[in-house]
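Student: My questions will all concern the structure given below.
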Amino acid sequence: MHTFFKRVEEVSNGRPKSSTRESLRFLLGAVSFLLLSSCFELRAAAQEPSNKAPAADAAARPCPADSVNSKTVRENKKKGKGPADSNEAASACLEVKGSALELQEFFQTFIRTQSWRFGEEKIAEDSWLFSRYLDKDELLRFSKEGPYAGRVNWAEGKALIQVRTHELEGGFTRVEVSARFQGYGQNVDRFAPQKDSWNLNSSGTLEKDMVSALEAHAKSRH
């Protein structure tokens, strides 16, 4: 481009006007060619196909933020409870291709293959409630000691787990897993009121583990 301008300057200083006009036409033609090339490159980039799969073809997708544990939050607000005294954790949630019955059956099979100690089952059309019995290490992994840290010698615990399903349009089912915990042990303070169990909030680990297993299962069959 600098060569073109230099050429024009030389021509204008000593060459005929016709030659100067020829040089200017050559320069304008080159600029037009560059502009057209840029336009074609931009159009080609815009027409490239996207590598992202449509959401409708996904085997699993995250739940909308406002749907996760919304029922529990509303109930706790009505009762005047806050996070510290509600003994509730934000549920793990996932929307999966499949019927509610299929997904309930997956969880029931999965839990039995994990050799969990469980019982106290209550099965309904859209939910499954059961208890998982925990040793000390499992209790401390899945729950939060909160104000009881250092004040109780834990021995074991229990998780009350609920799997809720809600069928949606497009063949998806929303699955929400929530858990409450009860720890058993002995109070370190001999003068404190003696009790055998304490309600503990969830760390969210157990719920997320179950939902992750469901997601892996959904993607493996898709």
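Order determines the names: the first chain of the structure tokens is A, the second B, and so forth; residues in each chain are numbered 1 upward, and ligands are numbered 1 upward as they are shown.
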Just want the 7 Å neighbourhood of Gly183 (chain A), counted on only C-alpha atoms, with same-chain residues fewer than 4 positions away dropped. Output as a list in words.
Tutor: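 The contact residues come out as Trp154, Glu156, Gly157, Lys158, Ser197, Trp198, Asn199 and Leu200 of chain A.
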Student: Region 112-196 of chain A: which residues are strand (DSSP E or B) by DSSP, as a ChimeraX atom specification?
Tutor: /A:118-123,127-135,143-144,152-167,172-187
Student: Take the selection from the previous step and output its residues with N, CA and C atoms, as a compact mmCIF listing (two decimals), in the first residue's frame.
Tutor:
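Listing of selection_38.txt after writing:
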# COMPACT_ATOMS: atom_id res chain seq x y z
N PHE A 118 -29.75 -49.66 54.20
CA PHE A 118 -30.90 -48.76 54.12
C PHE A 118 -32.18 -49.49 54.50
N GLY A 119 -33.22 -48.72 54.74
CA GLY A 119 -34.51 -49.29 55.12
C GLY A 119 -35.54 -48.20 55.25
N GLU A 120 -36.67 -48.51 55.90
CA GLU A 120 -37.75 -47.55 56.14
C GLU A 120 -38.21 -46.90 54.83
N GLU A 121 -38.42 -47.71 53.81
CA GLU A 121 -38.80 -47.19 52.51
C GLU A 121 -40.28 -46.82 52.43
N LYS A 122 -40.54 -45.73 51.73
CA LYS A 122 -41.91 -45.32 51.40
C LYS A 122 -41.92 -44.91 49.94
N ILE A 123 -42.63 -45.68 49.12
CA ILE A 123 -42.64 -45.45 47.67
C ILE A 123 -43.98 -44.89 47.24
N SER A 127 -42.38 -40.01 44.25
CA SER A 127 -41.31 -39.85 45.24
C SER A 127 -40.92 -41.20 45.84
N TRP A 128 -39.72 -41.21 46.38
CA TRP A 128 -39.21 -42.38 47.08
C TRP A 128 -38.47 -41.89 48.31
N LEU A 129 -38.92 -42.30 49.47
CA LEU A 129 -38.32 -41.88 50.73
C LEU A 129 -37.71 -43.10 51.41
N PHE A 130 -36.46 -42.98 51.86
CA PHE A 130 -35.82 -44.10 52.55
C PHE A 130 -34.72 -43.57 53.47
N SER A 131 -34.27 -44.43 54.37
CA SER A 131 -33.21 -44.07 55.30
C SER A 131 -31.94 -44.83 54.95
N ARG A 132 -30.82 -44.16 55.05
CA ARG A 132 -29.52 -44.81 54.89
C ARG A 132 -28.78 -44.70 56.23
N TYR A 133 -28.29 -45.84 56.70
CA TYR A 133 -27.61 -45.88 57.99
C TYR A 133 -26.11 -45.67 57.78
N LEU A 134 -25.54 -44.77 58.55
CA LEU A 134 -24.17 -44.30 58.33
C LEU A 134 -23.26 -44.63 59.50
N ASP A 135 -22.00 -44.93 59.19
CA ASP A 135 -21.01 -45.02 60.26
C ASP A 135 -20.50 -43.60 60.55
N SER A 143 -22.67 -34.70 56.32
CA SER A 143 -23.40 -33.68 57.09
C SER A 143 -22.44 -32.63 57.63
N LYS A 144 -23.01 -31.60 58.22
CA LYS A 144 -22.23 -30.53 58.85
C LYS A 144 -22.44 -30.58 60.37
N VAL A 152 -19.62 -33.14 70.70
CA VAL A 152 -20.24 -34.46 70.69
C VAL A 152 -19.25 -35.48 70.13
N ASN A 153 -19.14 -36.60 70.81
CA ASN A 153 -18.38 -37.73 70.29
C ASN A 153 -19.33 -38.60 69.45
N TRP A 154 -19.21 -38.47 68.12
CA TRP A 154 -20.14 -39.15 67.24
C TRP A 154 -19.84 -40.65 67.17
N ALA A 155 -20.88 -41.44 67.09
CA ALA A 155 -20.74 -42.89 66.96
C ALA A 155 -21.25 -43.36 65.60
N GLU A 156 -22.39 -42.85 65.17
CA GLU A 156 -23.00 -43.24 63.90
C GLU A 156 -24.09 -42.23 63.54
N GLY A 157 -24.80 -42.50 62.46
CA GLY A 157 -25.87 -41.57 62.07
C GLY A 157 -26.83 -42.19 61.09
N LYS A 158 -27.75 -41.36 60.63
CA LYS A 158 -28.76 -41.81 59.68
C LYS A 158 -29.12 -40.65 58.75
N ALA A 159 -29.29 -40.98 57.49
CA ALA A 159 -29.73 -39.99 56.50
C ALA A 159 -31.13 -40.34 56.04
N LEU A 160 -32.01 -39.37 56.07
CA LEU A 160 -33.36 -39.54 55.53
C LEU A 160 -33.36 -38.91 54.15
N ILE A 161 -33.44 -39.73 53.11
CA ILE A 161 -33.26 -39.28 51.73
C ILE A 161 -34.58 -39.34 50.98
N GLN A 162 -34.85 -38.28 50.22
CA GLN A 162 -36.06 -38.24 49.41
C GLN A 162 -35.69 -37.97 47.95
N VAL A 163 -36.21 -38.82 47.07
CA VAL A 163 -36.05 -38.64 45.63
C VAL A 163 -37.41 -38.27 45.07
N ARG A 164 -37.52 -37.06 44.51
CA ARG A 164 -38.78 -36.59 43.95
C ARG A 164 -38.66 -36.45 42.44
N THR A 165 -39.72 -36.82 41.73
CA THR A 165 -39.71 -36.76 40.27
C THR A 165 -40.92 -35.97 39.78
N HIS A 166 -40.71 -35.26 38.69
CA HIS A 166 -41.81 -34.49 38.08
C HIS A 166 -41.61 -34.51 36.57
N GLU A 167 -42.53 -35.14 35.86
CA GLU A 167 -42.41 -35.25 34.40
C GLU A 167 -42.71 -33.91 33.73
N PHE A 172 -38.68 -35.10 29.21
CA PHE A 172 -37.78 -34.93 30.34
C PHE A 172 -38.52 -35.13 31.66
N THR A 173 -37.77 -35.55 32.67
CA THR A 173 -38.28 -35.64 34.03
C THR A 173 -37.33 -34.93 34.97
N ARG A 174 -37.87 -34.06 35.82
CA ARG A 174 -37.04 -33.36 36.80
C ARG A 174 -36.88 -34.26 38.03
N VAL A 175 -35.63 -34.49 38.43
CA VAL A 175 -35.31 -35.34 39.58
C VAL A 175 -34.62 -34.48 40.64
N GLU A 176 -35.17 -34.49 41.85
CA GLU A 176 -34.60 -33.70 42.94
C GLU A 176 -34.32 -34.62 44.11
N VAL A 177 -33.08 -34.58 44.59
CA VAL A 177 -32.65 -35.44 45.70
C VAL A 177 -32.31 -34.54 46.89
N SER A 178 -32.92 -34.81 48.03
CA SER A 178 -32.64 -34.04 49.24
C SER A 178 -32.43 -35.00 50.41
N ALA A 179 -31.73 -34.53 51.43
CA ALA A 179 -31.42 -35.40 52.57
C ALA A 179 -31.36 -34.59 53.86
N ARG A 180 -31.83 -35.22 54.93
CA ARG A 180 -31.69 -34.69 56.29
C ARG A 180 -30.91 -35.71 57.11
N PHE A 181 -30.22 -35.24 58.13
CA PHE A 181 -29.32 -36.13 58.87
C PHE A 181 -29.57 -36.09 60.37
N GLN A 182 -29.32 -37.23 60.98
CA GLN A 182 -29.41 -37.36 62.42
C GLN A 182 -28.15 -38.07 62.89
N GLY A 183 -27.46 -37.44 63.83
CA GLY A 183 -26.23 -38.02 64.36
C GLY A 183 -26.44 -38.57 65.76
N TYR A 184 -25.80 -39.68 66.05
CA TYR A 184 -25.91 -40.33 67.36
C TYR A 184 -24.53 -40.31 68.03
N GLY A 185 -24.52 -40.00 69.30
CA GLY A 185 -23.25 -39.94 70.02
C GLY A 185 -23.45 -39.56 71.47
N GLN A 186 -22.37 -39.06 72.08
CA GLN A 186 -22.40 -38.71 73.50
C GLN A 186 -21.87 -37.29 73.68
N ASN A 187 -22.61 -36.51 74.46
CA ASN A 187 -22.21 -35.12 74.73
C ASN A 187 -20.94 -35.11 75.58
Student: Could you jot down the CA of Asn201 (chain A) to CA of Ala92 (chain A) separation for me, Å, one decimal place?
Tutor: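 Atom-to-atom, CA of Asn201 (chain A) and CA of Ala92 (chain A) are spaced 14.3 Å apart.
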Student: Counting only C-alpha atoms, what is within 12 Å of Gln114 (chain A), bar same-chain residues fewer than 5 positions away, as a PyMOL selection string?
Tutor: chain A and resi 107-109+132+209-210+213
Student: Quote the spacing between CA of Cys63 (chain A) and CA of Phe110 (chain A) in Å to one decimal place.
Tutor: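 Going from CA of Cys63 (chain A) over to CA of Phe110 (chain A), I get 21.7 Å.
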Student: Hey, can you check how far CA of Val188 (chain A) sits from CA of Arg151 (chain A)?
Tutor: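 Result for CA of Val188 (chain A) versus CA of Arg151 (chain A): 5.3 Å, one decimal.
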Student: Tell me which protein, DNA and RNA residues are within 8 Å of Gly171 (chain A), counting only C-alpha atoms, leaving out same-chain ones fewer than 4 positions away, and put them as a list in words.
Tutor: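 So, after excluding close chain neighbours, the residues are Lys97, Gly98, Ser99 and Glu167 of chain A.
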